[in-house]
Amino acid sequence: MKIDVITIFPEMIRSGLSHSIIKRAQEAGRVELAAHDPRDHTTDRHRSTDDTPYGGGAGMVMRPGPIFAAVESLEPPSDARIVMLTPQGKTLTQAMAHEFAQSSHLILLCGHYEGFDERVREHLATDEISIGDYVLTGGELPALVLIDAVVRLLPGVLGSEESAAGDTFSDGLLEYPQYTRPPDFRGWTIPEVLLSGNHAAIANWRRKEQFRRTQARRPDLWSAFQPSKSDLKLIKQLSEEIPSPSAGESSEEN
Ligand code: JBZ
């Protein structure tokens with residue numbers, strides 16, 4: 001897969017991609033990542049990528065020329081996905097990450113200032129994505145988020161260790177709590193079942209903790225969850241448990 005990012009801060013993209021799993025994926029040839037500055041596709045003396053809005057008003061708008069020229073210089077195949085990162089986009093989901101991971105060429109357009117000239121949206125972009133409802137200064141961090149979510153899904157990127165199968169959202173439940181040594185840290189001990197060596201009991205405990213957490217923290221995910229027959233047994237057991245003071249999802253711990 002090829003991913004090109006059009007951004008007035010190319011170093012922000014390059015540095016964000018030069019670590020850990022995404023770095024390894026590039027070295028292994030699973031993905032080819034590059035950042036391009038639309039400033040290199042300007043023709044005016046000041047190499048300007050933005051201009052004042054027609055009709056007046058505050059702020060600046062990204063000029064269409066340098067964006068179109070930067071994309072056209074990449075000679076994208078006709079099936080390339082050209083994705084604008086803007087607050088007006090659809091909120092990124094795991095299902096959308098899977099869909100983008102099927103594409104052989106992604107081109108990400110990072111907005112700045114008051115956003116893009118509308119003709120970029122109308123005549124260049126195939127998709128428009130946001131990462132969530134909070135205010136950011138530009139599309140670079142959203143582009144990095146999208147790249148991370150997509151690249152980790154590509155074949156051979158995650159080892160069996162990190163495998164995508166057990167993630168939150170793979171079955172629509174939050175993950176169970178994890179513990180490592182020491183078994184007593186400052187008087188805080190780990191659940192006894194995890195030391196029992198009883199693998200069936202451990203699996204049941206973990207599944208119930210997934211249910212407990214998802215019910216308490218993500219009622220939206222819990223409503224959509226489709227339990228199996230064995231899940232239903234565990235859900236019933238959970239509903240019959242006496243709430244222990246330490247086992248809850250109290251507001252104090254959030
Ligand atoms: C995004 C104008 O450029 C921006 C500004 C905010 C912003 C994006 C692009 S993309 N927020 C988001 O994904 O939430």
# chains A, B, ... in the order shown; residues from 1 in each chain; ligands from 1

call {"tool": "residues_around", "arguments": {"residues": "range 115-122 of chain A", "least_positions_apart": "6", "cutoff": "9 Å", "atoms": "only C-alpha atoms", "output": "number ranges by chain"}}
result
A: 50, 53, 60-64, 67-68, 84, 86, 128, 138

call {"tool": "residues_around", "arguments": {"residues": "range 92-102 of chain A", "least_positions_apart": "5", "cutoff": "10 Å", "atoms": "only C-alpha atoms", "output": "PyMOL selection string"}}
result
chain A and resi 1+81+83+128-132+142+145-155+168-170

call {"tool": "atom_distance", "arguments": {"atom1": "atom 4 (C, counted along the ligand's line) of ligand 1", "atom2": "CA of Asp37 in chain A"}}
result
16.0 Å

call {"tool": "closest_residue", "arguments": {"among": "A:Leu17, A:Ala143, A:Ile82, A:Ala69", "to": "ligand 1", "atoms": "only C-alpha atoms and all ligand atoms"}}
result
A:Ala143

call {"tool": "select_by_dssp", "arguments": {"residues": "range 66-163 of chain A", "states": "helix (DSSP H, G or I)", "output": "PyMOL selection string"}}
result
chain A and resi 66-73+94-100+118-123+140-151

call {"tool": "closest_residue", "arguments": {"among": "A:Glu240, A:Glu140, A:Asp79, A:Asp231", "to": "ligand 1", "atoms": "only C-alpha atoms and all ligand atoms"}}
result
A:Glu140

call {"tool": "closest_residue", "arguments": {"among": "A:Gly59, A:Pro227, A:Pro243, A:Gly29", "to": "ligand 1", "atoms": "only C-alpha atoms and all ligand atoms"}}
result
A:Gly59

call {"tool": "select_by_dssp", "arguments": {"residues": "range 24-178 of chain A", "states": "strand (DSSP E or B)", "output": "ChimeraX atom specification"}}
result
/A:32-36,50-51,61-62,81-91,105-110,116,127-130

call {"tool": "write_last_selection", "arguments": {"atoms": "C-alpha atoms", "output": "PDB file, in the first residue's frame"}}
result
ATOM      1  CA  GLU A  32       5.295   3.237   1.441  1.00  0.00           C
ATOM      2  CA  LEU A  33       4.643   6.509   3.292  1.00  0.00           C
ATOM      3  CA  ALA A  34       5.541   9.998   2.053  1.00  0.00           C
ATOM      4  CA  ALA A  35       4.675  13.600   2.979  1.00  0.00           C
ATOM      5  CA  HIS A  36       4.487  16.378   0.375  1.00  0.00           C
ATOM      6  CA  ASP A  50      -3.699  30.114   1.529  1.00  0.00           C
ATOM      7  CA  ASP A  51      -5.677  33.241   0.639  1.00  0.00           C
ATOM      8  CA  VAL A  61      -8.659  29.406   3.071  1.00  0.00           C
ATOM      9  CA  MET A  62      -6.333  26.791   1.506  1.00  0.00           C
ATOM     10  CA  ARG A  81      -8.877   7.150  -2.171  1.00  0.00           C
ATOM     11  CA  ILE A  82      -8.295  10.888  -1.738  1.00  0.00           C
ATOM     12  CA  VAL A  83      -9.224  11.668   1.862  1.00  0.00           C
ATOM     13  CA  MET A  84      -9.697  15.151   3.319  1.00  0.00           C
ATOM     14  CA  LEU A  85      -9.208  15.442   7.079  1.00  0.00           C
ATOM     15  CA  THR A  86     -11.708  18.050   8.232  1.00  0.00           C
ATOM     16  CA  PRO A  87     -14.096  18.618  11.157  1.00  0.00           C
ATOM     17  CA  GLN A  88     -16.992  18.290   8.641  1.00  0.00           C
ATOM     18  CA  GLY A  89     -16.088  14.679   7.802  1.00  0.00           C
ATOM     19  CA  LYS A  90     -17.681  11.453   8.987  1.00  0.00           C
ATOM     20  CA  THR A  91     -16.171  10.282  12.277  1.00  0.00           C
ATOM     21  CA  HIS A 105      -3.245   4.042  -2.725  1.00  0.00           C
ATOM     22  CA  LEU A 106      -4.401   6.540  -0.087  1.00  0.00           C
ATOM     23  CA  ILE A 107      -3.814  10.281  -0.441  1.00  0.00           C
ATOM     24  CA  LEU A 108      -4.536  12.323   2.700  1.00  0.00           C
ATOM     25  CA  LEU A 109      -5.176  16.072   2.505  1.00  0.00           C
ATOM     26  CA  CYS A 110      -4.501  17.970   5.739  1.00  0.00           C
ATOM     27  CA  PHE A 116     -10.143  24.025   2.017  1.00  0.00           C
ATOM     28  CA  ASP A 127     -13.767  10.905   1.180  1.00  0.00           C
ATOM     29  CA  GLU A 128     -13.949  13.351   4.077  1.00  0.00           C
ATOM     30  CA  ILE A 129     -13.001  12.148   7.558  1.00  0.00           C
ATOM     31  CA  SER A 130     -12.859  13.583  11.097  1.00  0.00           C
TER      32      SER A 130
END

call {"tool": "atom_distance", "arguments": {"atom1": "atom 12 (C, counted along the ligand's line) of ligand 1", "atom2": "CA of Ala125 in chain A"}}
result
15.9 Å

call {"tool": "residues_around", "arguments": {"residues": "Lys236 in chain A", "least_positions_apart": "4", "cutoff": "12 Å", "atoms": "only C-alpha atoms", "output": "ChimeraX atom specification"}}
result
/A:208,211-212,227,229-232,240-241

call {"tool": "closest_residue", "arguments": {"among": "A:Ser160, A:Thr137, A:Ser73, A:Asn198", "to": "ligand 1", "atoms": "only C-alpha atoms and all ligand atoms"}}
result
A:Thr137

call {"tool": "closest_residue", "arguments": {"among": "A:Leu238, A:Val135, A:Ile190, A:Leu174", "to": "ligand 1", "atoms": "only C-alpha atoms and all ligand atoms"}}
result
A:Val135

call {"tool": "residues_around", "arguments": {"residues": "Arg218 in chain A", "least_positions_apart": "2", "cutoff": "12 Å", "atoms": "only C-alpha atoms", "output": "count of residues only"}}
result
20
